[in-house]
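Asker: What follows is target_5.cif, made up of mmCIF, C-alpha atoms:
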```cif
data_my_file
#
loop_
_atom_site.label_atom_id
_atom_site.label_comp_id
_atom_site.auth_asym_id
_atom_site.auth_seq_id
_atom_site.Cartn_x
_atom_site.Cartn_y
_atom_site.Cartn_z
CA MET K 1 162.82 11.62 63.40
CA LEU K 2 159.87 11.70 65.75
CA LYS K 3 159.83 9.12 68.48
CA VAL K 4 156.58 8.32 70.27
CA HIS K 5 157.12 7.11 73.81
CA ARG K 6 154.13 4.82 73.85
CA ASP K 7 154.44 4.14 77.57
CA ILE K 8 153.88 7.85 78.21
CA CYS K 9 151.43 8.73 75.41
CA GLY K 10 147.89 9.18 76.68
CA TYR K 11 146.47 9.21 73.11
CA CYS K 12 144.65 12.52 73.62
CA GLY K 13 145.25 14.06 70.19
CA CYS K 14 146.61 17.39 71.41
CA CYS K 15 149.61 16.92 69.09
CA VAL K 16 147.43 16.06 66.10
CA SER K 17 145.72 19.46 66.22
CA VAL K 18 148.96 21.46 65.93
CA CYS K 19 150.80 19.36 63.32
CA PRO K 20 151.30 21.66 60.33
CA GLU K 21 151.88 18.70 57.99
CA GLY K 22 148.88 16.65 59.03
CA ALA K 23 151.39 13.89 59.67
CA LEU K 24 149.90 12.67 62.93
CA GLU K 25 146.71 10.75 63.40
CA LEU K 26 145.06 9.30 66.42
CA ILE K 27 143.75 5.85 65.60
CA ASP K 28 141.80 5.09 68.75
CA ALA K 29 144.58 4.52 71.30
CA TYR K 30 147.45 4.57 68.82
CA LEU K 31 149.22 7.70 67.60
CA SER K 32 150.37 7.12 64.04
CA VAL K 33 153.17 9.15 62.46
CA GLU K 34 153.18 9.40 58.69
CA LYS K 35 156.12 9.86 56.36
CA THR K 36 155.24 13.52 55.79
CA CYS K 37 156.53 14.30 59.31
CA THR K 38 159.35 16.86 59.08
CA SER K 39 160.49 16.43 62.72
CA CYS K 40 159.65 20.09 63.35
CA GLY K 41 158.99 19.29 67.01
CA VAL K 42 155.82 21.35 67.46
CA CYS K 43 153.98 18.26 68.69
CA ALA K 44 156.74 17.41 71.17
CA LYS K 45 156.53 20.91 72.61
CA VAL K 46 152.77 20.92 73.24
CA CYS K 47 152.39 17.33 74.45
CA PRO K 48 150.94 17.64 77.98
CA LEU K 49 152.76 14.48 79.08
CA GLY K 50 156.09 14.63 77.24
CA ALA K 51 155.45 11.54 75.13
CA LEU K 52 157.02 12.86 71.93
CA GLU K 53 160.68 13.39 71.20
CA VAL K 54 162.58 14.48 68.12
CA THR K 55 165.72 12.32 67.87
CA ASN K 56 168.74 12.49 65.58
CA GLU K 57 168.55 8.89 64.46
CA MET R 1 125.53 0.01 58.22
CA ASN R 2 124.48 0.72 54.64
CA ASN R 3 126.72 2.02 51.87
CA LYS R 4 124.64 5.14 51.29
CA TYR R 5 123.07 7.76 53.57
CA ASP R 6 121.71 11.26 53.21
CA VAL R 7 124.05 12.42 55.98
CA LEU R 8 127.26 10.81 57.20
CA VAL R 9 128.37 12.11 60.59
CA ILE R 10 132.00 11.60 61.57
CA GLY R 11 132.41 11.45 65.31
CA GLY R 12 130.05 10.33 68.08
CA GLY R 13 130.55 13.20 70.54
CA PRO R 14 127.93 15.84 71.39
CA ALA R 15 128.22 17.58 67.99
CA GLY R 16 127.88 14.37 66.00
CA ALA R 17 125.12 12.89 68.13
CA ILE R 18 122.94 16.01 67.97
CA ALA R 19 123.66 16.35 64.25
CA ALA R 20 122.55 12.78 63.52
CA LYS R 21 119.46 13.07 65.71
CA THR R 22 118.47 16.33 64.03
CA ALA R 23 119.03 14.87 60.57
CA VAL R 24 116.77 11.87 61.13
CA GLU R 25 114.13 14.05 62.75
CA LYS R 26 114.14 16.03 59.52
CA GLY R 27 113.35 12.84 57.64
CA LEU R 28 116.87 12.07 56.42
CA SER R 29 118.86 8.87 56.79
CA ALA R 30 122.01 9.30 58.88
CA LEU R 31 124.97 7.29 60.10
CA ILE R 32 127.34 8.17 62.94
CA VAL R 33 130.81 6.65 62.63
CA GLU R 34 132.89 6.69 65.81
CA LYS R 35 136.50 5.52 65.65
CA ARG R 36 136.62 4.59 69.32
CA PRO R 37 135.24 1.25 70.43
CA ALA R 38 132.94 3.03 72.89
CA ILE R 39 130.86 6.20 72.83
CA GLY R 40 131.86 8.60 75.62
CA ALA R 41 135.21 7.06 76.51
CA PRO R 42 137.93 7.99 77.04
CA VAL R 43 136.77 11.34 78.44
CA ARG R 44 138.66 14.39 77.16
CA CYS R 45 136.77 17.07 79.05
CA ALA R 46 136.40 19.00 82.33
CA GLU R 47 132.66 18.34 81.94
CA GLY R 48 131.27 21.74 82.99
CA ILE R 49 128.25 23.29 81.27
CA GLY R 50 125.86 26.15 82.09
CA LYS R 51 122.38 25.25 83.24
CA GLU R 52 120.49 27.10 80.53
CA ALA R 53 122.92 26.04 77.83
CA LEU R 54 122.33 22.38 78.65
CA GLN R 55 118.57 22.74 78.88
CA GLU R 56 118.42 24.15 75.39
CA PHE R 57 119.19 20.63 74.20
CA ILE R 58 118.21 18.11 76.83
CA ASP R 59 116.48 17.96 80.20
CA PRO R 60 118.94 17.35 83.02
CA ASP R 61 119.00 13.76 84.19
CA PRO R 62 120.77 12.53 87.33
CA ARG R 63 122.04 9.51 85.36
CA TRP R 64 124.61 11.72 83.65
CA ILE R 65 124.92 14.68 85.98
CA SER R 66 127.73 14.27 88.48
CA ALA R 67 127.08 17.48 90.42
CA GLU R 68 125.03 20.66 90.41
CA MET R 69 126.87 23.96 90.79
CA THR R 70 125.50 26.92 92.74
CA GLY R 71 128.56 29.13 92.52
CA ALA R 72 132.12 29.55 91.42
CA GLY R 73 135.35 30.86 92.83
CA ILE R 74 138.44 32.47 91.43
CA VAL R 75 141.81 32.22 93.13
CA ALA R 76 144.07 35.12 92.19
CA PRO R 77 147.81 34.63 91.63
CA ASP R 78 148.45 36.01 95.14
CA GLY R 79 146.13 33.38 96.64
CA PHE R 80 143.23 35.79 97.25
CA PHE R 81 139.95 33.90 96.93
CA MET R 82 136.89 35.46 95.36
CA LYS R 83 133.62 33.59 95.66
CA LEU R 84 130.82 34.13 93.18
CA GLU R 85 127.40 33.03 94.35
CA SER R 86 124.26 32.67 92.35
CA ALA R 87 121.86 35.59 93.01
CA MET R 88 119.13 33.19 93.99
CA ALA R 89 119.97 31.28 97.13
CA GLY R 90 120.64 27.70 96.22
CA GLY R 91 120.11 28.54 92.58
CA LYS R 92 121.81 26.26 90.11
CA VAL R 93 124.16 27.91 87.67
CA GLY R 94 125.53 24.86 85.98
CA TYR R 95 126.40 21.22 86.02
CA VAL R 96 129.42 19.01 85.98
CA LEU R 97 128.44 16.16 83.71
CA ASP R 98 129.49 12.56 83.52
CA ARG R 99 130.51 12.58 79.87
CA LYS R 100 130.77 8.81 79.60
CA PHE R 101 127.04 8.58 80.23
CA PHE R 102 126.06 11.93 78.74
CA ASP R 103 127.59 11.17 75.34
CA ARG R 104 126.05 7.71 75.38
CA GLU R 105 122.64 9.22 76.16
CA LEU R 106 122.93 11.62 73.21
CA VAL R 107 123.94 8.86 70.79
CA TRP R 108 121.24 6.63 72.23
CA LYS R 109 118.68 9.33 71.49
CA ALA R 110 120.01 9.69 67.96
CA ALA R 111 119.78 5.92 67.48
CA GLU R 112 116.24 5.79 68.86
CA ALA R 113 115.25 8.57 66.49
CA GLY R 114 116.43 6.37 63.64
CA ALA R 115 120.13 7.09 63.08
CA ASP R 116 122.54 4.24 62.42
CA VAL R 117 125.65 4.04 64.59
CA ALA R 118 128.96 2.29 63.91
CA VAL R 119 131.69 2.17 66.55
CA LYS R 120 135.34 1.19 66.08
CA SER R 121 134.69 2.60 62.62
CA ARG R 122 137.11 5.26 61.48
CA ALA R 123 136.70 7.57 58.54
CA CYS R 124 140.14 7.10 56.98
CA ALA R 125 139.67 9.12 53.77
CA PRO R 126 137.07 11.26 52.11
CA ILE R 127 135.39 10.19 48.89
CA LEU R 128 136.01 13.15 46.61
CA GLU R 129 134.55 13.59 43.13
CA ASP R 130 135.77 16.69 41.28
CA GLY R 131 136.66 18.21 44.63
CA VAL R 132 133.17 17.58 46.03
CA VAL R 133 132.87 15.53 49.23
CA LYS R 134 130.64 12.54 48.49
CA GLY R 135 131.19 10.35 51.51
CA ALA R 136 134.04 8.60 53.29
CA LYS R 137 136.06 5.42 53.36
CA ILE R 138 135.32 3.70 56.65
CA ASP R 139 137.85 1.41 58.29
CA TYR R 140 136.24 -1.18 60.56
CA CYS R 141 138.72 -3.62 62.10
CA GLY R 142 141.01 -3.26 59.10
CA LYS R 143 138.28 -3.72 56.52
CA VAL R 144 137.68 -0.59 54.45
CA SER R 145 134.33 0.13 52.86
CA SER R 146 132.81 3.12 51.10
CA VAL R 147 129.91 5.05 52.55
CA LYS R 148 128.39 7.59 50.21
CA ALA R 149 126.44 10.58 51.50
CA GLN R 150 124.88 13.74 50.16
CA VAL R 151 126.40 15.70 53.02
CA VAL R 152 129.23 14.73 55.37
CA ILE R 153 129.25 16.41 58.78
CA ALA R 154 132.77 16.38 60.21
CA ALA R 155 132.39 16.35 63.99
CA ASP R 156 135.68 14.60 64.64
CA GLY R 157 136.87 16.70 67.52
CA VAL R 158 140.10 18.43 68.42
CA GLU R 159 142.17 15.74 66.66
CA SER R 160 140.04 16.21 63.52
CA LYS R 161 141.63 15.02 60.27
CA PHE R 162 138.70 14.77 57.90
CA SER R 163 138.46 18.45 56.93
CA LYS R 164 142.22 18.56 56.46
CA TRP R 165 141.98 15.69 53.98
CA CYS R 166 139.37 17.76 52.16
CA GLY R 167 141.85 20.61 51.80
CA ILE R 168 140.85 22.82 54.73
CA ASP R 169 143.57 24.09 57.03
CA THR R 170 142.53 23.13 60.55
CA THR R 171 145.94 23.48 62.19
CA VAL R 172 145.73 25.08 65.63
CA PRO R 173 148.50 27.64 66.31
CA VAL R 174 150.88 26.40 69.02
CA ARG R 175 150.12 29.31 71.31
CA GLU R 176 146.40 28.60 70.98
CA ILE R 177 146.31 24.97 71.96
CA MET R 178 145.65 24.48 75.64
CA SER R 179 147.92 21.62 76.57
CA SER R 180 145.87 19.94 79.28
CA VAL R 181 145.84 17.25 81.93
CA GLN R 182 143.11 16.35 84.37
CA TYR R 183 142.88 13.92 87.23
CA VAL R 184 139.58 12.70 88.55
CA MET R 185 140.40 12.81 92.25
CA ALA R 186 138.64 11.14 95.15
CA ASP R 187 138.75 11.72 98.91
CA ILE R 188 139.61 15.43 98.72
CA ASP R 189 138.32 18.43 100.70
CA ILE R 190 136.40 20.64 98.30
CA ASP R 191 133.36 22.88 98.13
CA PRO R 192 131.02 20.43 96.38
CA GLY R 193 128.82 23.18 94.92
CA ALA R 194 131.37 25.47 93.30
CA THR R 195 133.74 25.33 90.39
CA ILE R 196 137.08 26.89 91.32
CA PHE R 197 139.49 28.53 88.88
CA TYR R 198 143.13 29.22 89.76
CA LEU R 199 144.95 31.90 87.79
CA GLY R 200 148.59 32.95 87.58
CA ASN R 201 151.73 32.50 85.60
CA ASP R 202 153.24 30.16 88.19
CA VAL R 203 150.05 28.09 88.44
CA ALA R 204 148.94 27.85 84.80
CA PRO R 205 150.73 30.12 82.31
CA GLU R 206 148.28 31.61 79.80
CA GLY R 207 145.62 29.21 80.98
CA TYR R 208 144.00 28.20 84.22
CA LEU R 209 143.77 25.37 86.65
CA TRP R 210 140.36 24.06 87.65
CA VAL R 211 138.63 22.10 90.36
CA PHE R 212 135.21 21.00 89.11
CA PRO R 213 133.34 18.97 91.74
CA LYS R 214 131.83 15.65 90.78
CA GLY R 215 130.50 14.79 94.22
CA LYS R 216 131.03 15.58 97.90
CA ARG R 217 134.70 14.64 98.00
CA THR R 218 135.53 14.08 94.38
CA ALA R 219 136.38 16.44 91.52
CA ASN R 220 137.94 16.93 88.12
CA VAL R 221 141.24 18.60 88.98
CA GLY R 222 142.85 19.79 85.80
CA ILE R 223 144.95 22.35 84.03
CA GLY R 224 145.39 23.88 80.62
CA ILE R 225 148.47 25.89 79.66
CA SER R 226 149.32 27.54 76.38
CA GLY R 227 151.26 25.32 73.99
CA ARG R 228 153.92 28.00 73.75
CA LYS R 229 154.52 27.79 77.51
CA SER R 230 154.85 24.01 77.40
CA GLY R 231 158.16 22.19 77.25
CA GLU R 232 160.39 19.65 78.93
CA GLY R 233 160.12 19.99 82.72
CA HIS R 234 157.29 22.52 82.54
CA ARG R 235 154.45 20.69 80.90
CA ALA R 236 150.78 20.71 81.91
CA LYS R 237 151.37 17.53 83.90
CA ASP R 238 154.29 19.10 85.79
CA TYR R 239 152.15 22.07 86.83
CA LEU R 240 149.23 19.86 87.82
CA ASP R 241 151.39 17.50 89.86
CA LYS R 242 152.87 20.48 91.73
CA PHE R 243 149.39 21.80 92.53
CA VAL R 244 148.00 18.44 93.58
CA LYS R 245 150.97 17.70 95.83
CA LYS R 246 150.43 21.00 97.65
CA THR R 247 146.62 21.19 97.66
CA PHE R 248 145.39 17.59 97.78
CA PRO R 249 148.37 15.62 99.13
CA ASN R 250 146.14 12.81 100.36
CA GLY R 251 143.80 12.71 97.40
CA LYS R 252 143.56 9.65 95.22
CA THR R 253 143.63 9.88 91.46
CA ILE R 254 141.09 7.52 89.94
CA GLU R 255 141.36 8.65 86.32
CA TYR R 256 144.16 10.20 84.28
CA ILE R 257 143.03 12.38 81.40
CA PRO R 258 145.34 14.25 79.02
CA GLY R 259 143.92 16.47 76.28
CA GLY R 260 144.14 19.43 73.98
CA VAL R 261 141.67 22.31 73.81
CA SER R 262 141.77 24.85 71.01
CA VAL R 263 141.32 28.50 72.02
CA CYS R 264 141.96 29.95 68.58
CA ARG R 265 139.44 31.67 66.36
CA PRO R 266 137.06 29.29 64.56
CA LEU R 267 138.03 27.98 61.11
CA GLU R 268 137.90 30.69 58.46
CA CYS R 269 135.23 28.71 56.66
CA THR R 270 133.32 25.78 58.14
CA VAL R 271 131.81 24.37 54.94
CA ALA R 272 132.94 22.98 51.58
CA ASP R 273 131.11 21.28 48.73
CA GLY R 274 129.23 18.45 50.43
CA LEU R 275 130.89 19.08 53.78
CA VAL R 276 129.91 20.83 57.01
CA ILE R 277 132.29 21.04 60.00
CA ALA R 278 130.90 21.17 63.55
CA GLY R 279 132.05 21.29 67.16
CA ASP R 280 135.71 21.16 68.23
CA ALA R 281 136.66 20.19 64.65
CA ALA R 282 135.40 23.63 63.56
CA ARG R 283 137.40 25.17 66.45
CA VAL R 284 134.30 26.68 68.01
CA VAL R 285 135.39 26.11 71.61
CA ASP R 286 134.87 29.21 73.77
CA PRO R 287 138.38 30.72 73.74
CA LEU R 288 138.03 32.23 77.21
CA THR R 289 136.61 29.30 79.18
CA GLY R 290 137.67 26.40 76.99
CA GLY R 291 134.07 25.14 77.19
CA GLY R 292 132.94 23.31 74.09
CA ILE R 293 129.95 21.09 74.86
CA TYR R 294 127.23 23.64 74.19
CA ASN R 295 128.95 25.04 71.11
CA ALA R 296 129.34 21.50 69.77
CA MET R 297 125.66 20.72 70.24
CA TYR R 298 124.63 24.07 68.78
CA THR R 299 126.74 23.71 65.64
CA GLY R 300 125.87 20.02 65.32
CA LYS R 301 122.16 20.83 65.27
CA LEU R 302 122.58 23.73 62.87
CA ALA R 303 124.82 21.66 60.59
CA ALA R 304 122.11 19.00 60.24
CA GLU R 305 119.33 21.55 59.78
CA THR R 306 121.31 23.22 57.02
CA ALA R 307 122.14 19.85 55.44
CA ALA R 308 118.45 18.90 55.47
CA ASP R 309 117.49 22.22 53.93
CA CYS R 310 120.12 21.98 51.20
CA ILE R 311 119.39 18.32 50.42
CA GLY R 312 115.70 19.22 50.16
CA LYS R 313 116.56 21.89 47.62
CA GLY R 314 118.90 19.58 45.74
CA ASP R 315 121.95 21.79 46.22
CA VAL R 316 124.72 20.79 48.65
CA SER R 317 127.36 23.05 47.17
CA LYS R 318 129.62 25.13 49.38
CA LYS R 319 127.63 28.18 48.35
CA ALA R 320 124.37 26.62 49.52
CA LEU R 321 125.86 25.23 52.74
CA MET R 322 127.38 28.64 53.55
CA SER R 323 124.14 29.58 55.28
CA TYR R 324 125.39 27.36 58.14
CA ASP R 325 128.62 29.32 58.40
CA ARG R 326 126.85 32.66 58.29
CA GLU R 327 124.20 31.64 60.80
CA TRP R 328 126.46 30.38 63.55
CA ARG R 329 128.78 33.38 63.20
CA ALA R 330 125.82 35.74 63.57
CA SER R 331 124.38 33.75 66.49
CA LYS R 332 124.77 34.50 70.17
CA MET R 333 127.35 31.71 70.28
CA GLY R 334 129.34 33.12 67.36
CA LYS R 335 129.38 36.60 68.81
CA SER R 336 130.31 35.27 72.21
CA ILE R 337 133.28 33.39 70.71
CA GLU R 338 134.54 36.52 68.97
CA ARG R 339 134.14 38.67 72.10
CA ASN R 340 135.66 36.09 74.41
CA TYR R 341 138.57 35.67 72.03
CA HIS R 342 139.46 39.33 72.56
CA ILE R 343 139.05 39.04 76.32
CA LYS R 344 141.28 35.95 76.37
CA GLU R 345 143.91 37.72 74.29
CA TYR R 346 143.83 40.62 76.73
CA LEU R 347 143.97 38.50 79.87
CA ILE R 348 146.87 36.28 78.80
CA ARG R 349 149.04 39.36 78.37
CA GLN R 350 148.53 40.56 81.93
CA SER R 351 151.09 40.18 84.68
CA ASP R 352 150.18 38.43 87.92
CA GLU R 353 150.14 41.85 89.63
CA LYS R 354 147.56 43.12 87.19
CA LEU R 355 145.44 39.99 87.54
CA ASN R 356 145.55 40.40 91.32
CA GLU R 357 144.43 43.99 90.96
CA ILE R 358 141.52 43.06 88.71
CA ILE R 359 140.30 40.22 90.91
CA HIS R 360 140.58 42.25 94.12
CA SER R 361 138.54 45.06 92.57
CA VAL R 362 135.76 42.76 91.44
CA SER R 363 135.52 41.03 94.80
CA LYS R 364 134.28 44.29 96.31
CA LEU R 365 131.25 44.29 94.04
CA ASN R 366 127.95 42.54 94.40
CA LEU R 367 127.34 40.55 91.29
CA ALA R 368 123.62 40.58 90.67
CA GLU R 369 123.57 38.03 87.96
CA PHE R 370 125.97 35.15 87.62
CA SER R 371 127.53 34.75 84.23
CA THR R 372 130.91 34.97 82.57
CA MET R 373 129.73 38.01 80.66
CA ASN R 374 128.41 39.75 83.72
CA LEU R 375 131.70 39.10 85.46
CA ILE R 376 133.60 40.63 82.56
CA LYS R 377 131.33 43.67 82.54
CA GLU R 378 131.90 44.18 86.24
CA ILE R 379 135.64 43.78 85.82
CA ILE R 380 135.59 46.57 83.27
CA LYS R 381 133.34 48.76 85.45
CA ALA R 382 135.71 48.35 88.38
CA ASN R 383 138.78 49.02 86.25
CA PRO R 384 137.98 52.07 84.12
CA LYS R 385 141.45 51.93 82.62
CA LEU R 386 140.50 48.67 80.96
CA VAL R 387 138.01 50.52 78.81
CA LEU R 388 140.93 52.18 77.07
CA GLU R 389 142.96 49.00 76.91
CA LEU R 390 140.15 46.91 75.54
CA GLY R 391 138.93 49.64 73.24
CA ALA R 392 135.92 48.92 71.10
CA LEU R 393 135.39 45.59 72.76
CA ALA R 394 134.64 47.18 76.13
CA ALA R 395 132.19 49.55 74.50
CA SER R 396 130.31 46.66 72.99
CA LEU R 397 129.86 45.09 76.40
CA ARG R 398 128.28 48.02 78.19
#
```
Represent the structure from my file as structure tokens, please.

Answerer:
Amino acid sequence: MLKVHRDICGYCGCCVSVCPEGALELIDAYLSVEKTCTSCGVCAKVCPLGALEVTNE
Amino acid sequence: MNNKYDVLVIGGGPAGAIAAKTAVEKGLSALIVEKRPAIGAPVRCAEGIGKEALQEFIDPDPRWISAEMTGAGIVAPDGFFMKLESAMAGGKVGYVLDRKFFDRELVWKAAEAGADVAVKSRACAPILEDGVVKGAKIDYCGKVSSVKAQVVIAADGVESKFSKWCGIDTTVPVREIMSSVQYVMADIDIDPGATIFYLGNDVAPEGYLWVFPKGKRTANVGIGISGRKSGEGHRAKDYLDKFVKKTFPNGKTIEYIPGGVSVCRPLECTVADGLVIAGDAARVVDPLTGGGIYNAMYTGKLAAETAADCIGKGDVSKKALMSYDREWRASKMGKSIERNYHIKEYLIRQSDEKLNEIIHSVSKLNLAEFSTMNLIKEIIKANPKLVLELGALAASLR
């Protein structure tokens, strides 16, 4: 699953633009992850800060 | 906020503000919904814009201009510095804006012209009737209401979702998102009148690093790297921190700005039934420079003009709204995006050695007129081999 490190996230929306599932949304200063997320990791790769992580949980 | 408007504009950035202002000036009712609690903040921008580009929309005002630029510089991968001066001594070539105040000014002007504005109000779903966009559900502090409109203008930026909800694929390819970070730095030694661009695979792979002055000793110091070059331990922030530590070790960071900039081709189609897409949401950022303010204002204005025209004729179908799509593609902006896309694609494939060679060759020339295009033309002139490599593109530039 996708883990958002909220202490690192700068809520810029870079990840939202590359999500192929449309599973991410930036709600002001909160990045929301919807159930359609497939944990593909594209967002984690492009995050300029390293705030996203795909975990095995 | 009413429950019905001629035009509903999603997003209160430059595209949305100009769109709403244009719509009301055309005699329509318009509402801007902005999901953030404030217009203009947080900034997601390096804030540079060309002088003439800005003046096409608004007269420069010191209240939202941080600094005036008279030149630019490029630092090659080998450290060689090439300065580009405006032909006219002291001539302004561009500005570094203060987007917090600039965006507010644009929305203010839209409001004064008669547009309604709602902040902390997020379009959370489209209202679709038989596949036709008829408005949006607006979430304000957890309370959702319906706002109907004849035309919706989606100007919701790089993190745009609205068009996607309407069935349009807006996904930016990983290699074409510039993963970016910028610090507003204070107390640093800079040339206050020149924007500086650093190139090289060690500095900013498939992107560039910038220093855009915002005053005598303050600047936007930022970087964008290709999404495909980003990963754990080598992210945009890692590259920027390395640069700052070396170049401005005593500088103070007074603002921390992450972001994403699309450098892909624009959306295949920027309209649908009852919907027009403008600005970053339409992916009309200049793919070479990453600049998007002018293109946002240009498409925002055209979107509203087209909406007004179509509403007047009683036809807001995709077919009718297509005139917007055709017009911006045929415009100077549209052609420039297409051309600069090819140049970007060429440049990102070059080795540092090749980039050094190109920059050294251009530095020996006297650039008569200062512009990105002129620079590109001169690069090609100085490197005849590029004509072959760039093919038809080079021919179109001569």

Asker: With only C-alpha atoms counted and 8 Å as the cut-off, give the residues of region 168-230 of chain R in contact with region 10-20 of chain K, each with its shortest interatomic distance in Å and the pair that gives it, as a Markdown table.

Answerer:
```
| residue | atom | partner | partner_atom | distance |
| --- | --- | --- | --- | --- |
| R:Thr170 | CA | K:Ser17 | CA | 7.5 |
| R:Thr171 | CA | K:Val18 | CA | 5.2 |
| R:Val172 | CA | K:Val18 | CA | 4.9 |
| R:Pro173 | CA | K:Val18 | CA | 6.2 |
| R:Val174 | CA | K:Val18 | CA | 6.1 |
| R:Ile177 | CA | K:Val18 | CA | 7.5 |
| R:Ser179 | CA | K:Cys14 | CA | 6.8 |
```

Asker: At what distance in Å, to one decimal, does CA of Pro266 (chain R) lie from CA of Lys137 (chain R)?

Answerer: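 These two atoms are separated by 26.4 Å.
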
Asker: Got a sec: who's within 6 Å of region 16-28 of chain R, counting all atoms listed in the file, leaving out chain neighbours fewer than 2 positions off, as an MDAnalysis selection string?

Answerer: chainID R and resid 6 9 11:14 30 106:107 110 155 297 300:301 304

Asker: Name the residues that the PyMOL selection byres ((chain R) within 7 of (chain K)) pulls out of this structure, and write them as a PDB file with C-alpha atoms, keeping the file's coordinate frame.

Answerer:
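Contents of expr_19.pdb, as written:
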```
ATOM      1  CA  LYS R  35     136.500   5.520  65.650  1.00  0.00           C
ATOM      2  CA  ARG R  36     136.620   4.590  69.320  1.00  0.00           C
ATOM      3  CA  VAL R 158     140.100  18.430  68.420  1.00  0.00           C
ATOM      4  CA  GLU R 159     142.170  15.740  66.660  1.00  0.00           C
ATOM      5  CA  THR R 171     145.940  23.480  62.190  1.00  0.00           C
ATOM      6  CA  VAL R 172     145.730  25.080  65.630  1.00  0.00           C
ATOM      7  CA  PRO R 173     148.500  27.640  66.310  1.00  0.00           C
ATOM      8  CA  VAL R 174     150.880  26.400  69.020  1.00  0.00           C
ATOM      9  CA  SER R 179     147.920  21.620  76.570  1.00  0.00           C
ATOM     10  CA  SER R 180     145.870  19.940  79.280  1.00  0.00           C
ATOM     11  CA  VAL R 181     145.840  17.250  81.930  1.00  0.00           C
ATOM     12  CA  GLY R 227     151.260  25.320  73.990  1.00  0.00           C
ATOM     13  CA  SER R 230     154.850  24.010  77.400  1.00  0.00           C
ATOM     14  CA  GLY R 231     158.160  22.190  77.250  1.00  0.00           C
ATOM     15  CA  GLU R 232     160.390  19.650  78.930  1.00  0.00           C
ATOM     16  CA  ARG R 235     154.450  20.690  80.900  1.00  0.00           C
ATOM     17  CA  ALA R 236     150.780  20.710  81.910  1.00  0.00           C
ATOM     18  CA  LYS R 237     151.370  17.530  83.900  1.00  0.00           C
ATOM     19  CA  PRO R 258     145.340  14.250  79.020  1.00  0.00           C
ATOM     20  CA  GLY R 259     143.920  16.470  76.280  1.00  0.00           C
ATOM     21  CA  GLY R 260     144.140  19.430  73.980  1.00  0.00           C
TER      22      GLY R 260
END
```

Asker: Set the distance at 9 Å and use only C-alpha atoms: which residues neighbour Asp189 (chain R) once local chain neighbours fewer than 4 positions away are removed? I'd like the list as a PDB file with C-alpha atoms, in the coordinates of the input.

Answerer:
```
ATOM      1  CA  LYS R 216     131.030  15.580  97.900  1.00  0.00           C
ATOM      2  CA  ARG R 217     134.700  14.640  98.000  1.00  0.00           C
ATOM      3  CA  THR R 218     135.530  14.080  94.380  1.00  0.00           C
ATOM      4  CA  PHE R 248     145.390  17.590  97.780  1.00  0.00           C
ATOM      5  CA  GLY R 251     143.800  12.710  97.400  1.00  0.00           C
TER       6      GLY R 251
END
```

Asker: When the PyMOL selection byres ((chain R and resi 39) around 9) is applied to the file above, which residues end up in the set, as a list in words?

Answerer: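 Given this file, the PyMOL selection byres ((chain R and resi 39) around 9) evaluates to Gly12, Gly13, Glu34, Arg36, Pro37, Ala38, Gly40, Ala41, Pro42, Lys100, Phe101, Asp103, Arg104, Val107 and Val119 of chain R.
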
Asker: Could you list the residues chosen by the PyMOL selection byres ((chain R and resi 129) around 12) in this structure as a list of chain:residue names?

Answerer: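 In the shown coordinates, the PyMOL selection byres ((chain R and resi 129) around 12) covers R:Pro126, R:Ile127, R:Leu128, R:Asp130, R:Gly131, R:Val132, R:Val133, R:Lys134, R:Gly135, R:Ala136, R:Lys148, R:Gln150, R:Cys166, R:Asp273, R:Gly274.
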
Asker: Using all atoms listed in the file, which protein or nucleic acid residues come within 9 Å of Thr55 (chain K)? Drop anything in the same chain fewer than 6 positions from it, and give the result as a PyMOL selection string.

Answerer: chain K and resi 1-3+39

Asker: Restricting the output to C-alpha atoms, write the selected residues as a CSV table (one decimal), in the frame of the given file.

Answerer:
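The resulting file, selection-v1.csv, is shown below:
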```csv
chain,number,residue,atom,x,y,z
K,1,MET,CA,162.8,11.6,63.4
K,2,LEU,CA,159.9,11.7,65.8
K,3,LYS,CA,159.8,9.1,68.5
K,39,SER,CA,160.5,16.4,62.7
```

Asker: Calculate how many Å separate CA of Leu8 (chain R) from CA of Leu275 (chain R), rounding to one decimal.

Answerer: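 We find that CA of Leu8 (chain R) and CA of Leu275 (chain R) lie 9.7 Å from each other.
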
Asker: Given the choices R:Ser363, R:Ile293, R:Asp241, R:Arg175, which gets closest to Phe81 (chain R) if the distance is worked out from only C-alpha atoms?

Answerer: R:Ser363

Asker: Pick out the residues sitting within 8 Å of region 350-352 of chain R, and hand them over as a list in words; count all atoms listed in the file, and ignore anything fewer than 3 positions along from it in its own chain.

Answerer: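 Within the cut-off, the hits are Pro77, Asp78, Gly200, Asn201, Tyr346, Leu347, Leu355 and Asn356 of chain R.
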
Asker: Store the residues picked out above in a file with C-alpha atoms, as a PDB file, keeping the file's coordinate frame.

Answerer:
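The file below, again_39.pdb, is the result:
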```
ATOM      1  CA  PRO R  77     147.810  34.630  91.630  1.00  0.00           C
ATOM      2  CA  ASP R  78     148.450  36.010  95.140  1.00  0.00           C
ATOM      3  CA  GLY R 200     148.590  32.950  87.580  1.00  0.00           C
ATOM      4  CA  ASN R 201     151.730  32.500  85.600  1.00  0.00           C
ATOM      5  CA  TYR R 346     143.830  40.620  76.730  1.00  0.00           C
ATOM      6  CA  LEU R 347     143.970  38.500  79.870  1.00  0.00           C
ATOM      7  CA  LEU R 355     145.440  39.990  87.540  1.00  0.00           C
ATOM      8  CA  ASN R 356     145.550  40.400  91.320  1.00  0.00           C
TER       9      ASN R 356
END
```
